[in-house]
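Since the structure comes first, as structure tokens, the remarks are kept for the end.
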Amino acid sequence: MVDKVKTDAVEALAGLLFDGMTIMAGGFGLCGIPENLIAAIREAGTKDLTVISNNCGVDGFGLGILLENRQIKKMVSSYVGENKLFEQLYLSGELELEFNPQGTLAERIRAGGAGIPAFFTRTGYGTLVAEGKETREFDGEMYVMERGLTADLAIVKAWKADAEGNLIYRKTARNFNPMMATAGKKTVAEVEELVAIGELDKDAIHTPGIYVDHLVKGAKFEKRIERVTTRSKEAV
């Protein structure tokens, strides 16, 4: 068996990064993002990136640090509301944006991983999202054709893994990570726990190890909260 487990994020990405590449980055908001791998990409200085991700982190954290370093040329996303720098770069023309309804983005990634080049959806018909795209009528309803998405590299975050690369995600981290793991030409996973082969419950595995090329146990996880909302303490 090929040794997939690497000592750190830098080693896990060795030989996989190049200028102008497309990277899928898992996570939903700041939940389930591959923090250590993102930091290693920043340190590598790889530029002119097209990044496929639900959002682009926040100012100063997550994918936001790649924006700050002007490494991202284009984002393929569904939500951009928490990042002021994203807004500034887009409005100034420094950053390209391919905007997707969230479900459409998820299905485009899933389709890419499944070898499906395109599909039709009703979502977005008659809006800016559909401009320039093929439309077709099915059973009296109009649909928009969307292309499947693939990437040169997918970086994902999982909760547990074994040395074969079998992955288990936890709660909201399952939103985009599993489908991205299937859609990258190479997939690198950072995990919180590495366990012995055979220790994972086979019925609980979300991503089979055949999709994963390299593994690394994250050095640290900040797990920041994107927007802290609390209620006033009730008087007693």
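All residue names refer to the structure tokens as shown: chains lettered A, B, ... in order, residues numbered from 1 in each chain, ligands numbered from 1 in order.
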(request) Name the residues of range 116-192 of chain A that fall into strand (DSSP E) according to DSSP on the backbone, using the chain letters and numbers of this document, as a VMD selection string. (result) chain A and resid 118 to 121 135 to 138 141 to 147 151 to 162 167 to 168 184 to 192
(message) Show me, as a list in words, the residues that have an atom within 7 Å of Asn177 in chain A when counting only C-alpha atoms, minus same-chain residues fewer than 4 positions from it.
(response)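 Once the nearby chain positions are removed, what remains is Gly26, Gly27, Val156, Lys157, Ala173 and Ala181 of chain A.
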Could you please take those selected residues and save C-alpha atoms as a PDB file, in the first residue's frame?
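Contents of again-v5.pdb, as written:
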ATOM      1  CA  GLY A  26     -13.925  22.045   1.383  1.00  0.00           C
ATOM      2  CA  GLY A  27     -15.904  23.600   4.192  1.00  0.00           C
ATOM      3  CA  VAL A 156     -10.648  18.588   2.345  1.00  0.00           C
ATOM      4  CA  LYS A 157     -11.008  18.399   6.110  1.00  0.00           C
ATOM      5  CA  ALA A 173     -18.241  19.440   7.599  1.00  0.00           C
ATOM      6  CA  ALA A 181     -12.893  14.579  -2.438  1.00  0.00           C
TER       7      ALA A 181
END
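The shortest atom-to-atom distance to Leu63 in chain A, with only C-alpha atoms taken into account, belongs to A:Ile155 out of A:Leu16, A:Met179, A:Ile155, A:Met21.
Minimum distance to Ala118 in chain A across A:Met142, A:Ile225, A:Ala158, A:Leu149 (counting only C-alpha atoms) occurs at A:Leu149.
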Residues near Asp48 in chain A, cut-off 8 Å, only C-alpha atoms, skip fewer than 5 positions along chain, as a short mmCIF file (atom, residue, chain, number, x, y, z; two decimals) with N, CA, C and O atoms, in the first residue's frame:
data_model
loop_
_atom_site.label_atom_id
_atom_site.label_comp_id
_atom_site.auth_asym_id
_atom_site.auth_seq_id
_atom_site.Cartn_x
_atom_site.Cartn_y
_atom_site.Cartn_z
N ASP A 19 1.26 27.36 -10.47
CA ASP A 19 0.55 28.61 -10.79
C ASP A 19 -0.53 28.35 -11.83
O ASP A 19 -0.34 27.59 -12.79
N GLY A 20 -1.68 28.99 -11.64
CA GLY A 20 -2.78 28.88 -12.59
C GLY A 20 -3.65 27.66 -12.40
O GLY A 20 -4.55 27.43 -13.21
N MET A 21 -3.44 26.91 -11.36
CA MET A 21 -4.21 25.68 -11.13
C MET A 21 -5.59 25.97 -10.55
O MET A 21 -5.88 27.08 -10.09
N GLN A 71 -3.28 35.68 -4.15
CA GLN A 71 -2.98 34.41 -4.84
C GLN A 71 -4.16 33.89 -5.65
O GLN A 71 -3.98 33.03 -6.50
N ILE A 72 -5.36 34.40 -5.37
CA ILE A 72 -6.56 33.90 -6.04
C ILE A 72 -6.95 34.84 -7.17
O ILE A 72 -7.12 36.04 -6.98
N LYS A 73 -7.10 34.27 -8.36
CA LYS A 73 -7.52 35.03 -9.53
C LYS A 73 -9.03 34.98 -9.70
O LYS A 73 -9.65 35.95 -10.12
N LYS A 74 -9.63 33.80 -9.38
CA LYS A 74 -11.05 33.61 -9.63
C LYS A 74 -11.64 32.73 -8.54
O LYS A 74 -11.03 31.76 -8.11
#
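In this comparison, which uses only C-alpha atoms, the residue of A:Gly103, A:Gly184, A:Pro117, A:Gly57 approaching Pro34 in chain A most closely is A:Gly57.
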(request) Find the residues near range 125-133 of chain A: any atom within 7 Å, counting only C-alpha atoms, skip ones fewer than 3 places away on the same chain, and give them as a list in words. (result)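 In the requested format, the answer is Asn100, Arg122, Met142, Tyr143, Val144 and Met145 of chain A.
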(message) Let me make sure I understand: among A:Met180, A:Val5, A:Leu215, A:Leu194, which one has the smallest atom-to-atom distance to Ala114 in chain A if we use only C-alpha atoms?
(response) A:Met180
(message) From a backbone DSSP assignment, name each residue in range 2-231 of chain A labelled helix (DSSP H, G or I), as a VMD selection string.
(response) chain A and resid 9 to 13 35 to 44 64 to 68 84 to 91 102 to 114 128 to 130 171 to 174 177 to 183 202 to 204 209 to 211
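For Glu82 in chain A, the set of protein, DNA and RNA residues having any atom at most 12 Å away, when counting only C-alpha atoms and skipping those fewer than 6 positions along the same chain, is A:Gly29, A:Leu30, A:Asn54, A:Asn55, A:Cys56, A:Gly57, A:Val58, A:Asp59, A:Gly60, A:Phe61, A:Gly62, A:Leu63, A:Gly64, A:Ile225, A:Glu226, A:Arg227.
Here CA of Glu11 in chain A and CA of Thr172 in chain A stand 27.4 Å from one another.
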(request) Have a look at CA of Ala161 in chain A and CA of Gly32 in chain A and let me know their distance in Å, one decimal. (result)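 That distance, rounded to one decimal, is 14.3 Å.
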(request) Grab the CA of Ile109 in chain A to CA of Gly148 in chain A distance for me, in Å with one decimal place. (result)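 Spanning CA of Ile109 in chain A to CA of Gly148 in chain A is a straight-line distance of 6.0 Å.
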Residue neighbourhood Glu192 in chain A, 7 Å, only C-alpha atoms, exclusion window fewer than 5 positions, as a PDB file with N, CA and C atoms, in the first residue's frame:
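Output file out.pdb is given in full below:
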ATOM      1  N   ALA A 158     -11.403  16.325   7.304  1.00  0.00           N
ATOM      2  CA  ALA A 158     -12.211  15.253   7.876  1.00  0.00           C
ATOM      3  C   ALA A 158     -11.949  15.160   9.375  1.00  0.00           C
ATOM      4  N   TRP A 159     -12.838  14.458  10.038  1.00  0.00           N
ATOM      5  CA  TRP A 159     -12.704  14.246  11.482  1.00  0.00           C
ATOM      6  C   TRP A 159     -11.749  13.093  11.763  1.00  0.00           C
ATOM      7  N   LYS A 160     -12.040  11.930  11.196  1.00  0.00           N
ATOM      8  CA  LYS A 160     -11.213  10.747  11.419  1.00  0.00           C
ATOM      9  C   LYS A 160     -10.805  10.131  10.093  1.00  0.00           C
ATOM     10  N   LYS A 217      -2.288  14.756   9.514  1.00  0.00           N
ATOM     11  CA  LYS A 217      -2.969  15.128  10.753  1.00  0.00           C
ATOM     12  C   LYS A 217      -2.673  16.598  11.012  1.00  0.00           C
ATOM     13  N   GLY A 218      -3.731  17.400  11.103  1.00  0.00           N
ATOM     14  CA  GLY A 218      -3.553  18.840  11.261  1.00  0.00           C
ATOM     15  C   GLY A 218      -2.748  19.193  12.500  1.00  0.00           C
TER      16      GLY A 218
END
Neighbours of Glu96 in chain A within 12 Å (only C-alpha atoms; same-chain residues fewer than 5 positions away dropped), as a PDB file with N, CA, C and O atoms, in the first residue's frame?
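The file below, around_28.pdb, is the result:
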ATOM      1  N   ASP A  48      -2.364  32.969  -9.158  1.00  0.00           N
ATOM      2  CA  ASP A  48      -3.321  32.863 -10.271  1.00  0.00           C
ATOM      3  C   ASP A  48      -4.243  31.664 -10.109  1.00  0.00           C
ATOM      4  O   ASP A  48      -4.570  30.958 -11.070  1.00  0.00           O
ATOM      5  N   LEU A  49      -4.679  31.447  -8.879  1.00  0.00           N
ATOM      6  CA  LEU A  49      -5.501  30.276  -8.567  1.00  0.00           C
ATOM      7  C   LEU A  49      -6.967  30.513  -8.911  1.00  0.00           C
ATOM      8  O   LEU A  49      -7.496  31.610  -8.706  1.00  0.00           O
ATOM      9  N   THR A  50      -7.618  29.480  -9.416  1.00  0.00           N
ATOM     10  CA  THR A  50      -9.071  29.427  -9.447  1.00  0.00           C
ATOM     11  C   THR A  50      -9.483  28.530  -8.291  1.00  0.00           C
ATOM     12  O   THR A  50      -9.049  27.372  -8.214  1.00  0.00           O
ATOM     13  N   VAL A  51     -10.275  29.070  -7.386  1.00  0.00           N
ATOM     14  CA  VAL A  51     -10.668  28.316  -6.184  1.00  0.00           C
ATOM     15  C   VAL A  51     -12.170  28.072  -6.210  1.00  0.00           C
ATOM     16  O   VAL A  51     -12.965  29.008  -6.348  1.00  0.00           O
ATOM     17  N   ILE A  52     -12.542  26.811  -6.094  1.00  0.00           N
ATOM     18  CA  ILE A  52     -13.942  26.403  -6.019  1.00  0.00           C
ATOM     19  C   ILE A  52     -14.256  26.109  -4.566  1.00  0.00           C
ATOM     20  O   ILE A  52     -13.706  25.174  -3.978  1.00  0.00           O
ATOM     21  N   LEU A  67      -6.613  35.386  -0.378  1.00  0.00           N
ATOM     22  CA  LEU A  67      -7.040  36.650  -0.979  1.00  0.00           C
ATOM     23  C   LEU A  67      -6.105  37.787  -0.581  1.00  0.00           C
ATOM     24  O   LEU A  67      -5.686  38.589  -1.413  1.00  0.00           O
ATOM     25  N   ILE A  72      -5.363  34.399  -5.366  1.00  0.00           N
ATOM     26  CA  ILE A  72      -6.558  33.904  -6.037  1.00  0.00           C
ATOM     27  C   ILE A  72      -6.953  34.839  -7.172  1.00  0.00           C
ATOM     28  O   ILE A  72      -7.120  36.043  -6.977  1.00  0.00           O
ATOM     29  N   LYS A  73      -7.097  34.266  -8.356  1.00  0.00           N
ATOM     30  CA  LYS A  73      -7.515  35.030  -9.527  1.00  0.00           C
ATOM     31  C   LYS A  73      -9.026  34.977  -9.702  1.00  0.00           C
ATOM     32  O   LYS A  73      -9.654  35.945 -10.119  1.00  0.00           O
ATOM     33  N   LYS A  74      -9.625  33.802  -9.382  1.00  0.00           N
ATOM     34  CA  LYS A  74     -11.053  33.607  -9.629  1.00  0.00           C
ATOM     35  C   LYS A  74     -11.641  32.728  -8.537  1.00  0.00           C
ATOM     36  O   LYS A  74     -11.025  31.756  -8.106  1.00  0.00           O
ATOM     37  N   MET A  75     -12.865  33.070  -8.103  1.00  0.00           N
ATOM     38  CA  MET A  75     -13.607  32.254  -7.158  1.00  0.00           C
ATOM     39  C   MET A  75     -14.854  31.705  -7.834  1.00  0.00           C
ATOM     40  O   MET A  75     -15.552  32.423  -8.560  1.00  0.00           O
ATOM     41  N   VAL A  76     -15.136  30.427  -7.606  1.00  0.00           N
ATOM     42  CA  VAL A  76     -16.393  29.806  -8.012  1.00  0.00           C
ATOM     43  C   VAL A  76     -17.109  29.472  -6.714  1.00  0.00           C
ATOM     44  O   VAL A  76     -16.732  28.549  -6.002  1.00  0.00           O
ATOM     45  N   SER A  77     -18.116  30.275  -6.366  1.00  0.00           N
ATOM     46  CA  SER A  77     -18.694  30.240  -5.022  1.00  0.00           C
ATOM     47  C   SER A  77     -20.199  30.424  -5.050  1.00  0.00           C
ATOM     48  O   SER A  77     -20.788  30.734  -6.094  1.00  0.00           O
ATOM     49  N   PHE A  86     -12.981  40.416  -0.203  1.00  0.00           N
ATOM     50  CA  PHE A  86     -13.580  39.777  -1.379  1.00  0.00           C
ATOM     51  C   PHE A  86     -14.403  40.806  -2.147  1.00  0.00           C
ATOM     52  O   PHE A  86     -14.268  40.952  -3.371  1.00  0.00           O
ATOM     53  N   GLU A  87     -15.255  41.523  -1.434  1.00  0.00           N
ATOM     54  CA  GLU A  87     -16.110  42.534  -2.064  1.00  0.00           C
ATOM     55  C   GLU A  87     -15.278  43.601  -2.752  1.00  0.00           C
ATOM     56  O   GLU A  87     -15.541  43.970  -3.906  1.00  0.00           O
ATOM     57  N   GLN A  88     -14.251  44.086  -2.071  1.00  0.00           N
ATOM     58  CA  GLN A  88     -13.417  45.145  -2.629  1.00  0.00           C
ATOM     59  C   GLN A  88     -12.688  44.688  -3.895  1.00  0.00           C
ATOM     60  O   GLN A  88     -12.653  45.412  -4.897  1.00  0.00           O
ATOM     61  N   LEU A  89     -12.137  43.484  -3.851  1.00  0.00           N
ATOM     62  CA  LEU A  89     -11.383  42.982  -5.000  1.00  0.00           C
ATOM     63  C   LEU A  89     -12.297  42.719  -6.190  1.00  0.00           C
ATOM     64  O   LEU A  89     -11.931  42.974  -7.337  1.00  0.00           O
ATOM     65  N   TYR A  90     -13.503  42.228  -5.908  1.00  0.00           N
ATOM     66  CA  TYR A  90     -14.451  41.962  -6.986  1.00  0.00           C
ATOM     67  C   TYR A  90     -14.905  43.267  -7.638  1.00  0.00           C
ATOM     68  O   TYR A  90     -14.904  43.404  -8.867  1.00  0.00           O
ATOM     69  N   LEU A  91     -15.282  44.252  -6.822  1.00  0.00           N
ATOM     70  CA  LEU A  91     -15.781  45.510  -7.354  1.00  0.00           C
ATOM     71  C   LEU A  91     -14.702  46.293  -8.095  1.00  0.00           C
ATOM     72  O   LEU A  91     -14.999  47.060  -9.009  1.00  0.00           O
TER      73      LEU A  91
END
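Comparing the minimum interatomic distances between Ile38 in chain A and each of A:Leu85, A:Val188, A:Val2, A:Ala204, counting only C-alpha atoms, we find that A:Val188 sits nearest.
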